[in-house]
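Have a look at the structure below before the remarks.
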Amino acid sequence: MAGALASHANAVLRGSAPLNPPMAALVPVAWVHRAPSLDPDQRRAALTSVYLWGTIPGDVAQPGVLGVSPCFEAIMSNKVSTKPPSGTRDFLPLDIARRQYVIDVIREVYERHGFVPLETPAIENLSTLLGKYGDEGDQLLYRLLHRRDALKRAVQTAATDGRPVAEAELADQGLRYDLTVPLARVMAQYGQLPRFFRRYQIQPVWRADRPARGRFREFYQCDVDVAGTTSPVAEVEVCSAVAAVLERLGFADFTIRLNHRELLRALIRAADITDSLESKALVAVDKLDKIGRDGVTAELVDRGIAETSAARLIELITPGDPGDASPDSQTVLAHLRKCGLDESGQRALAGLEELLSLAAETPAGSHLSVAPELARGLSYYTGPIFEIAVPDLAGSLGGGGRYDGLIGMFGRRQIPAVGFSLGLERILVVMQERDMYPELGVGAEVMLCWLDVDMGRALGVAARLRGQGLRVETFPDQAKLGKQLQYADTTGASIAAILGQSELDAGRITLKHLAKRTQESVAIDEAAEAVARMR
RNA sequence: GUGGGCGUAGCUCAGUCGGUAGAGCACCAGGUUGUGGCCCUGGUGGUCGUGGGUUCAAAUCCCAUCGCUCACCCCA
């Protein structure tokens, strides 16, 4: 529409098309003024018709006055982008079919593990969200600007004080950043939940991050968490659940990398790195698989860590042989035992050993692998941490860990918890690349093509077919049969049900298999069986 | 936030001494009235991302701006 109008508008302004209302009415006022080909009378006519056009808002210029409503200009100039905002996506029917397939598997496996569903609002109070994800995370929170009076008040208060408005004054709500913090809020809020609360939650989260491959600003997480216990049973069960999901989806080559926050801290202490540099050291160490030992050493030094400490830390987190890229867990554990860790480090190490042995007979067992360099960005983890890796994806398919302090941050009671989060989009990206989807049908199976019958009778037959459990689309127009069949093909319907007067008179319908090009006439009330037979 | 690449039809792209836009696919209509995916003919659809500059003349040259994208950063 806008294109045609703009094209006509151009022709008008060039003088090669007549200036007729109402088309001319859609020529923006500014264009009319600029148009060299218009004489004063034409100009006045154009502006008058702009004025008379019914949908023009009040702020459009009066005749003879230069100015254009912003929305008006936007329509005319095709400036309205129809793409979804950067980092977000529309899910078209086939996309939904794939997502739903994966979500169905996740839900079923989670429920089989005894997890119960939870949904929480997209919007949370900033007081709930801030301070849980570290400084980087806080930066990535989407904030909701105050509305109306609250916004005016904030701006005015600052103006009265003669200072610029601070970010914190402009918003007190934001979009959730993950599903773990909302769960923690729910745990703190509701006392009547089961003592061991196992919940799953599949919902979108939002991060004001720079989008990249497999990385979005709006994406789905599929979380399982166990709250209310420090028992390693909780760790094993969440790992088992995600491992079972991935196996059911057809992944065979994933590893669940396993580490422990306290072990990491102990290693950093053992390398003589001060607490203030701990987080910087973690970020560098986490890149081991990407940039290698030398790369990490360089980065550690770059971040202000003494060369001797950097070298020592590398030694601690990488067992003996530098050529061995992925040593097995027992080798790693044996190496760590010899590192002279302090008491807390020893405890963490023992915890990891216990986890490995407890998980042995679960789906997670064969996939767990100790990775002393694994750090993970979120600051709320306190114990074991996990991350899922597959060979052909730079990022991870999911991650999680124990967060015994998070729920207590809401100031009610301390409740220990552990959780695991699968990243839906990452899974979809890999499944797409590896062509792991089964046949997924979208839309109707039967296209009702009708010819010389009354439209109402056609709709009636469609209803009867649907009553038999068939998925039926009715062709909307009177059209040649060939057109109808051609359209049926494009929708993915496998069978055309052809209804003409002769069929209707006999209470029958002609079913045509579009791919096999075979057809048969059946009683309308027996169509479902016939369709099943033809499939 | 830092650096590189790209913005022409719904999609994939051509258009490279500046001369007011093309192809393929897709879509629509025909090739006579209830049987399609091939073929043939015709058609719809583009302020060449946006704004400014140079020029008689800009998709093409210059500047700015926006958008997309890759790497870094960080993460699911």
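Chain labels follow the order of the structure tokens: the first chain is A, the next B, and so on; residue numbering restarts at 1 in every chain, and ligands are counted from 1 in their shown order.
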
task = Name the residues of range 349-491 of chain A that fall into strand (DSSP E or B) according to DSSP on the backbone, using the chain letters and numbers of this document, as a list in words.
result = Leu368, Ser369, Val370, Pro384, Ile385, Phe386, Glu387, Ile388, Ala389, Gly398, Gly399, Gly400, Gly401, Arg402, Ala417, Val418, Gly419, Phe420, Ser421, Leu422, Gly423, Val446, Met447, Leu448, Cys449, Trp450, Val472, Glu473 and Thr474 of chain A

request  = Would you give me, as a ChimeraX atom specification, the residues of chain B that come within 12 Å of chain A, using only C-alpha atoms (C1' of nucleotides)?
outcome  = /B:1,9,20,26-29,33-37,44-47,49-50,66-76

ask   = Asp253 in chain A: which residues within 10 Å, counting only C-alpha atoms (C1' of nucleotides), same-chain residues fewer than 3 positions away excluded, as a ChimeraX atom specification?
value = /A:246-247,250,367,389-391

query = Using only C-alpha atoms (C1' of nucleotides), which residues sit within 8 Å of Ser329 in chain A once same-chain residues fewer than 2 positions away are excluded, as a VMD selection string?
reply = chain A and resid 327 331 to 333 369 to 371

query = Which of these residues is nearest to Arg176 in chain A, using only C-alpha atoms: A:Arg402, A:Lys132, A:His513, A:Arg293?
reply = A:Lys132

Residue list (alpha helix (DSSP H), DSSP) for range 88-315 of chain A, as a count of residues only = 117

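Going from CA of Pro117 in chain A over to CA of Arg198 in chain A, you cover 8.7 Å.
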
query = Leaving out A21 in chain B and any residue of its chain fewer than 4 positions from it, which residues lie within 9 Å of it when counting only C-alpha atoms (C1' of nucleotides), given as a PyMOL selection string?
reply = chain B and resi 8+15+46+48+59

key: Given only C-alpha atoms as the counted atoms, nearest of A:Arg508, A:Thr128, A:Ile415, A:Arg434 to Val461 in chain A   = A:Arg508
